[in-house]
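S.K.: Here you go, this is target07.cif (mmCIF, C-alpha atoms).
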data_final
loop_
_atom_site.group_PDB
_atom_site.id
_atom_site.type_symbol
_atom_site.label_atom_id
_atom_site.label_comp_id
_atom_site.auth_asym_id
_atom_site.auth_seq_id
_atom_site.Cartn_x
_atom_site.Cartn_y
_atom_site.Cartn_z
ATOM 1 C CA MET R 1 -0.621 -53.921 107.379
ATOM 2 C CA ASP R 2 2.993 -54.989 107.360
ATOM 3 C CA TRP R 3 5.230 -51.915 107.007
ATOM 4 C CA ALA R 4 8.159 -53.927 105.704
ATOM 5 C CA THR R 5 6.092 -55.164 102.753
ATOM 6 C CA LEU R 6 4.872 -51.638 101.997
ATOM 7 C CA VAL R 7 8.396 -50.162 102.186
ATOM 8 C CA ALA R 8 9.780 -52.963 100.022
ATOM 9 C CA THR R 9 7.009 -52.479 97.442
ATOM 10 C CA VAL R 10 7.486 -48.689 97.300
ATOM 11 C CA SER R 11 11.277 -49.026 97.166
ATOM 12 C CA GLY R 12 11.050 -51.601 94.400
ATOM 13 C CA GLY R 13 8.698 -49.356 92.464
ATOM 14 C CA LEU R 14 11.064 -46.372 92.823
ATOM 15 C CA VAL R 15 14.018 -48.453 91.642
ATOM 16 C CA ALA R 16 12.030 -49.705 88.637
ATOM 17 C CA ILE R 17 10.852 -46.191 87.703
ATOM 18 C CA SER R 18 14.351 -44.756 88.169
ATOM 19 C CA GLY R 19 15.828 -47.477 85.977
ATOM 20 C CA THR R 20 13.229 -46.864 83.280
ATOM 21 C CA VAL R 21 13.812 -43.092 83.349
ATOM 22 C CA LEU R 22 17.598 -43.555 83.224
ATOM 23 C CA ALA R 23 17.366 -46.056 80.348
ATOM 24 C CA ASP R 24 15.062 -43.702 78.439
ATOM 25 C CA HIS R 25 17.428 -40.770 79.041
ATOM 26 C CA LEU R 26 20.441 -42.767 77.858
ATOM 27 C CA ARG R 27 18.582 -44.010 74.764
ATOM 28 C CA HIS R 28 17.524 -40.446 73.906
ATOM 29 C CA ARG R 29 21.090 -39.215 74.412
ATOM 30 C CA HIS R 30 22.450 -42.006 72.220
ATOM 31 C CA ASP R 31 19.894 -41.229 69.490
ATOM 32 C CA SER R 32 20.728 -37.533 69.741
ATOM 33 C CA ASP R 33 24.473 -38.216 69.496
ATOM 34 C CA ARG R 34 23.872 -40.456 66.491
ATOM 35 C CA GLY R 35 21.800 -37.707 64.854
ATOM 36 C CA VAL R 36 24.586 -35.175 65.371
ATOM 37 C CA GLU R 37 27.136 -37.585 63.896
ATOM 38 C CA THR R 38 24.891 -38.247 60.894
ATOM 39 C CA ARG R 39 24.397 -34.513 60.308
ATOM 40 C CA ARG R 40 28.129 -33.859 60.614
ATOM 41 C CA ARG R 41 29.048 -36.670 58.252
ATOM 42 C CA ALA R 42 26.575 -35.342 55.676
ATOM 43 C CA VAL R 43 27.836 -31.750 55.831
ATOM 44 C CA TYR R 44 31.483 -32.889 55.780
ATOM 45 C CA ILE R 45 30.866 -34.786 52.567
ATOM 46 C CA GLU R 46 28.740 -31.986 51.126
ATOM 47 C CA PHE R 47 31.499 -29.440 51.796
ATOM 48 C CA ILE R 48 34.293 -31.419 50.152
ATOM 49 C CA THR R 49 32.012 -32.257 47.222
ATOM 50 C CA ALA R 50 31.133 -28.579 46.686
ATOM 51 C CA ALA R 51 34.805 -27.625 46.913
ATOM 52 C CA GLY R 52 35.620 -30.375 44.420
ATOM 53 C CA ALA R 53 33.027 -29.065 41.957
ATOM 54 C CA CYS R 54 34.464 -25.566 42.245
ATOM 55 C CA HIS R 55 38.020 -26.889 41.884
ATOM 56 C CA THR R 56 37.044 -28.807 38.745
ATOM 57 C CA ARG R 57 35.495 -25.685 37.204
ATOM 58 C CA LEU R 58 38.561 -23.588 38.071
ATOM 59 C CA ARG R 59 40.803 -26.166 36.382
ATOM 60 C CA GLN R 60 38.576 -26.065 33.296
ATOM 61 C CA ILE R 61 38.859 -22.277 33.166
ATOM 62 C CA ALA R 62 42.644 -22.502 33.647
ATOM 63 C CA GLN R 63 42.950 -24.877 30.679
ATOM 64 C CA ALA R 64 41.924 -22.026 28.356
ATOM 65 C CA PRO R 65 41.750 -18.744 30.298
ATOM 66 C CA GLN R 66 41.676 -16.755 27.059
ATOM 67 C CA ALA R 67 38.283 -18.329 26.240
ATOM 68 C CA GLU R 68 36.626 -16.438 29.107
ATOM 69 C CA VAL R 69 35.452 -12.884 28.529
ATOM 70 C CA ASP R 70 35.677 -12.022 32.226
ATOM 71 C CA LEU R 71 37.942 -14.332 34.220
ATOM 72 C CA ASP R 72 37.059 -12.766 37.561
ATOM 73 C CA ALA R 73 33.323 -13.240 36.959
ATOM 74 C CA ALA R 74 33.835 -16.797 35.689
ATOM 75 C CA THR R 75 35.901 -17.820 38.698
ATOM 76 C CA ARG R 76 33.463 -16.204 41.138
ATOM 77 C CA ALA R 77 30.648 -18.054 39.388
ATOM 78 C CA ALA R 78 32.539 -21.312 39.992
ATOM 79 C CA LEU R 79 32.308 -20.674 43.747
ATOM 80 C CA ASN R 80 28.673 -19.616 43.591
ATOM 81 C CA ASP R 81 27.539 -22.399 41.265
ATOM 82 C CA ALA R 82 29.068 -25.002 43.589
ATOM 83 C CA GLU R 83 27.083 -23.410 46.463
ATOM 84 C CA LEU R 84 30.270 -23.450 48.482
ATOM 85 C CA TYR R 85 29.387 -20.423 50.619
ATOM 86 C CA GLU R 86 26.128 -21.996 51.795
ATOM 87 C CA VAL R 87 27.694 -25.351 52.586
ATOM 88 C CA ARG R 88 30.553 -23.646 54.428
ATOM 89 C CA GLU R 89 28.023 -21.939 56.708
ATOM 90 C CA ARG R 90 26.428 -25.295 57.515
ATOM 91 C CA LEU R 91 29.902 -26.675 58.160
ATOM 92 C CA PHE R 92 30.582 -23.914 60.698
ATOM 93 C CA ILE R 93 27.322 -24.703 62.484
ATOM 94 C CA ASP R 94 27.686 -28.496 62.724
ATOM 95 C CA ALA R 95 31.428 -29.201 62.584
ATOM 96 C CA THR R 96 33.795 -29.663 65.456
ATOM 97 C CA THR R 97 36.432 -26.971 65.865
ATOM 98 C CA ALA R 98 39.151 -29.110 64.252
ATOM 99 C CA VAL R 99 37.102 -29.902 61.149
ATOM 100 C CA ALA R 100 35.736 -26.349 60.842
ATOM 101 C CA GLY R 101 39.314 -25.022 61.000
ATOM 102 C CA ALA R 102 40.526 -27.489 58.369
ATOM 103 C CA GLY R 103 37.514 -26.611 56.202
ATOM 104 C CA GLN R 104 38.206 -22.903 56.478
ATOM 105 C CA ALA R 105 41.870 -23.442 55.578
ATOM 106 C CA MET R 106 40.765 -25.453 52.544
ATOM 107 C CA PHE R 107 38.298 -22.715 51.569
ATOM 108 C CA GLU R 108 41.047 -20.066 51.832
ATOM 109 C CA ARG R 109 43.415 -22.127 49.653
ATOM 110 C CA LEU R 110 40.630 -22.593 47.111
ATOM 111 C CA GLY R 111 40.160 -18.814 47.198
ATOM 112 C CA ALA R 112 43.859 -18.356 46.431
ATOM 113 C CA LEU R 113 43.512 -20.751 43.484
ATOM 114 C CA ARG R 114 40.450 -18.818 42.296
ATOM 115 C CA ARG R 115 42.383 -15.529 42.471
ATOM 116 C CA ALA R 116 45.301 -17.026 40.505
ATOM 117 C CA VAL R 117 42.974 -18.264 37.770
ATOM 118 C CA ALA R 118 41.086 -14.943 37.792
ATOM 119 C CA ALA R 119 44.432 -13.194 37.238
ATOM 120 C CA GLY R 120 44.951 -15.314 34.115
ATOM 121 C CA ALA R 121 47.058 -18.201 35.447
ATOM 122 C CA ALA R 122 46.916 -21.050 32.966
ATOM 123 C CA GLN R 123 46.967 -24.625 34.210
ATOM 124 C CA ASN R 124 50.547 -25.057 32.985
ATOM 125 C CA SER R 125 51.860 -21.913 34.711
ATOM 126 C CA ARG R 126 53.905 -21.451 37.849
ATOM 127 C CA ALA R 127 51.234 -19.127 39.285
ATOM 128 C CA PHE R 128 48.623 -21.869 38.936
ATOM 129 C CA HIS R 129 50.830 -24.521 40.545
ATOM 130 C CA ASP R 130 51.847 -22.184 43.376
ATOM 131 C CA ALA R 131 48.161 -22.010 44.348
ATOM 132 C CA TYR R 132 47.117 -25.504 43.241
ATOM 133 C CA HIS R 133 49.489 -27.606 45.332
ATOM 134 C CA PRO R 134 48.774 -25.830 48.651
ATOM 135 C CA TYR R 135 45.064 -26.304 47.906
ATOM 136 C CA LEU R 136 45.590 -30.064 47.480
ATOM 137 C CA ALA R 137 47.485 -30.169 50.773
ATOM 138 C CA ALA R 138 44.563 -28.382 52.466
ATOM 139 C CA VAL R 139 42.069 -30.834 50.937
ATOM 140 C CA TRP R 140 43.997 -33.733 52.420
ATOM 141 C CA ALA R 141 44.334 -31.963 55.794
ATOM 142 C CA TYR R 142 40.541 -31.634 55.810
ATOM 143 C CA ARG R 143 40.102 -35.319 54.933
ATOM 144 C CA VAL R 144 42.514 -36.304 57.703
ATOM 145 C CA ALA R 145 40.649 -34.139 60.255
ATOM 146 C CA VAL R 146 37.290 -35.629 59.253
ATOM 147 C CA ARG R 147 38.617 -39.176 59.334
ATOM 148 C CA LYS R 148 40.236 -38.622 62.727
ATOM 149 C CA GLU R 149 36.990 -37.263 64.157
ATOM 150 C CA LEU R 150 34.576 -39.780 62.682
ATOM 151 C CA GLU R 151 36.665 -42.933 62.731
ATOM 152 C CA GLY R 152 39.618 -42.145 64.978
ATOM 153 C CA LEU R 153 41.896 -43.566 62.309
ATOM 154 C CA PRO R 154 45.103 -41.914 61.064
ATOM 155 C CA LEU R 155 45.862 -41.266 57.425
ATOM 156 C CA SER R 156 49.207 -40.265 55.945
ATOM 157 C CA PRO R 157 50.650 -39.714 52.460
ATOM 158 C CA GLY R 158 52.682 -42.890 52.910
ATOM 159 C CA ASP R 159 49.444 -44.875 53.022
ATOM 160 C CA PHE R 160 49.173 -44.087 49.289
ATOM 161 C CA GLY R 161 52.882 -44.376 48.525
ATOM 162 C CA TRP R 162 53.247 -40.603 48.373
ATOM 163 C CA GLU R 163 55.799 -38.317 49.965
ATOM 164 C CA GLU R 164 53.542 -35.322 50.614
ATOM 165 C CA TRP R 165 49.849 -34.454 50.423
ATOM 166 C CA ASP R 166 50.373 -31.486 48.069
ATOM 167 C CA SER R 167 51.261 -33.747 45.080
ATOM 168 C CA ARG R 168 54.357 -31.766 44.068
ATOM 169 C CA ASP R 169 56.311 -35.025 44.211
ATOM 170 C CA ARG R 170 53.883 -36.477 41.640
ATOM 171 C CA CYS R 171 53.619 -33.390 39.424
ATOM 172 C CA ALA R 172 55.577 -33.805 36.190
ATOM 173 C CA LEU R 173 57.146 -30.350 36.365
ATOM 174 C CA CYS R 174 57.072 -29.507 40.055
ATOM 175 C CA ALA R 175 58.701 -32.686 41.373
ATOM 176 C CA GLY R 176 61.919 -31.827 43.104
ATOM 177 C CA THR R 177 61.649 -28.082 42.536
ATOM 178 C CA GLY R 178 59.895 -27.158 45.773
ATOM 179 C CA ALA R 179 57.713 -24.744 43.788
ATOM 180 C CA GLY R 180 55.508 -24.887 40.741
ATOM 181 C CA ALA R 181 58.160 -24.621 38.090
ATOM 182 C CA GLY R 182 56.213 -24.964 34.921
ATOM 183 C CA ALA R 183 53.648 -27.009 33.090
ATOM 184 C CA GLY R 184 51.767 -30.002 34.348
ATOM 185 C CA THR R 185 48.569 -30.508 36.198
ATOM 186 C CA GLY R 186 49.676 -32.373 39.258
ATOM 187 C CA ALA R 187 47.914 -35.459 40.489
ATOM 188 C CA GLY R 188 46.048 -36.805 43.409
ATOM 189 C CA GLY R 189 43.303 -34.326 44.303
#
I need this file expressed as structure tokens, please.

M.R.:
Amino acid sequence: MDWATLVATVSGGLVAISGTVLADHLRHRHDSDRGVETRRRAVYIEFITAAGACHTRLRQIAQAPQAEVDLDAATRAALNDAELYEVRERLFIDATTAVAGAGQAMFERLGALRRAVAAGAAQNSRAFHDAYHPYLAAVWAYRVAVRKELEGLPLSPGDFGWEEWDSRDRCALCAGTGAGAGAGTGAGG
């Protein structure tokens, strides 16, 4: 038996097996990474959608706060009905640190809006706008963080022809005041 042939055959077999194992490992890693990205994308969208549903309900309550028997209960129900707490927990599990932080900041600003509405702030009041505009800024900060992570693409207010994310510059009564000065609902959320 020729030893050179045997060594060459065994070596070739080891190289082929190693290549197959490496290719399989890389394919599995790629599939796993793609699964993580898909899960993250889904929870990122689910979180902002739940926050949007809660925000919409809070604005409805603020349009006629006197129509609610118990404003605190109604505003808490807006959070619960949107299932925001559950989605936020999934966000904390799957999100990167940057997106989880932006999501938590958005959640806290939504909480401040909820407290303002629960205290009786009507949609055309300074108290409402003082909570509403920072919430919009936090929503856009979250969107920017998600976009940066998933696509690596920047996003700025100027891309929409705006001055700031918080929409004060587009709010009929807050524009130029630096604070919610009166009536109006703002724009751009």

S.K.: Show which residues sit within 9 Å of Tyr142 in chain R, as a list in words. Count all atoms listed in the file, and ignore same-chain residues fewer than 5 positions away.

M.R.: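 Answer for this query is Ile48, Ala98, Val99, Ala100, Gly101, Ala102, Gly103, Ala105, Met106, Ala137 and Arg147 of chain R.
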
S.K.: Find, counting only C-alpha atoms, the residue in R:Leu113, R:Val69, R:Ala172, R:Ala64 that gets nearest to Tyr135 in chain R.

M.R.: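 Ranked by minimum distance to Tyr135 in chain R, first place goes to R:Leu113.
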
S.K.: Can you list, as number ranges by chain, the residues that the PyMOL selection byres ((chain R and resi 144) around 12) selects here?

M.R.: R: 44, 98-99, 102-103, 137-143, 145-157, 159, 165

S.K.: One number please: CA of Val36 in chain R to CA of Ile17 in chain R, in Å, one decimal.

M.R.: 28.4 Å

S.K.: Which residue is closest to Leu136 in chain R? Choose from R:Ala95, R:Arg90, R:Phe160, R:Ala51 and count all atoms listed in the file.

M.R.: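 Using all atoms listed in the file, Leu136 in chain R sits closest to R:Ala51.
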
S.K.: Have a look at R:Glu163, R:Ala4, R:Tyr85, R:Gln60 and name the one nearest to Glu108 in chain R; count all atoms listed in the file.

M.R.: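 Closest candidate: R:Tyr85.
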
S.K.: Have a look at CA of Leu91 in chain R and CA of Val43 in chain R and let me know their distance in Å, one decimal.

M.R.: 6.0 Å

S.K.: What is the distance, in Å and to one decimal place, between CA of Ala112 in chain R and CA of Ala131 in chain R?

M.R.: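 We find that CA of Ala112 in chain R and CA of Ala131 in chain R lie 6.0 Å from each other.
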
S.K.: Set up a box along x, y and z of the file covering all listed atoms of range 36-42 of chain R, add 6 Å on every one of the six sides, and write the centre and edge lengths in Å to one decimal, as lines of an AutoDock Vina configuration file.

M.R.:
center_x = 26.7
center_y = -36.1
center_z = 60.5
size_x = 16.7
size_y = 16.4
size_z = 21.7

S.K.: When distances are computed from only C-alpha atoms, which of R:Gln123, R:Thr38, R:Thr96, R:Thr5 shows the smallest separation from Ile61 in chain R?

M.R.: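 For Ile61 in chain R, the nearest of the candidates is R:Gln123.
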
S.K.: For this structure, which residues satisfy the selection - the PyMOL selection byres ((chain R and resi 117) around 12) - when it is evaluated on the file as given? I want them as a PyMOL selection string.

M.R.: chain R and resi 55+57-66+68+70-76+78+110-116+118-132

S.K.: With distances taken over only C-alpha atoms, which residue among R:Glu46, R:Gly35, R:Gly161, R:Leu173 lies nearest Val87 in chain R?

M.R.: R:Glu46

S.K.: Can you spell out as an mmCIF file with C-alpha atoms, keeping the file's coordinate frame the set of residues that the PyMOL selection byres ((chain R and resi 83) around 10) selects in the structure I just provided?

M.R.:
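As a result, part-v3.cif now contains:
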data_model
loop_
_atom_site.group_PDB
_atom_site.id
_atom_site.type_symbol
_atom_site.label_atom_id
_atom_site.label_comp_id
_atom_site.auth_asym_id
_atom_site.auth_seq_id
_atom_site.Cartn_x
_atom_site.Cartn_y
_atom_site.Cartn_z
ATOM 1 C CA GLU R 46 28.740 -31.986 51.126
ATOM 2 C CA PHE R 47 31.499 -29.440 51.796
ATOM 3 C CA ALA R 50 31.133 -28.579 46.686
ATOM 4 C CA ALA R 51 34.805 -27.625 46.913
ATOM 5 C CA ALA R 53 33.027 -29.065 41.957
ATOM 6 C CA CYS R 54 34.464 -25.566 42.245
ATOM 7 C CA ALA R 77 30.648 -18.054 39.388
ATOM 8 C CA ALA R 78 32.539 -21.312 39.992
ATOM 9 C CA LEU R 79 32.308 -20.674 43.747
ATOM 10 C CA ASN R 80 28.673 -19.616 43.591
ATOM 11 C CA ASP R 81 27.539 -22.399 41.265
ATOM 12 C CA ALA R 82 29.068 -25.002 43.589
ATOM 13 C CA LEU R 84 30.270 -23.450 48.482
ATOM 14 C CA TYR R 85 29.387 -20.423 50.619
ATOM 15 C CA GLU R 86 26.128 -21.996 51.795
ATOM 16 C CA VAL R 87 27.694 -25.351 52.586
ATOM 17 C CA ARG R 88 30.553 -23.646 54.428
#

S.K.: Given all atoms listed in the file as the basis, pick out the residue of R:Ala67, R:Thr9, R:Arg168, R:Thr49 nearest to Pro134 in chain R.

M.R.: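 Closest residue, counting all atoms listed in the file: R:Arg168.
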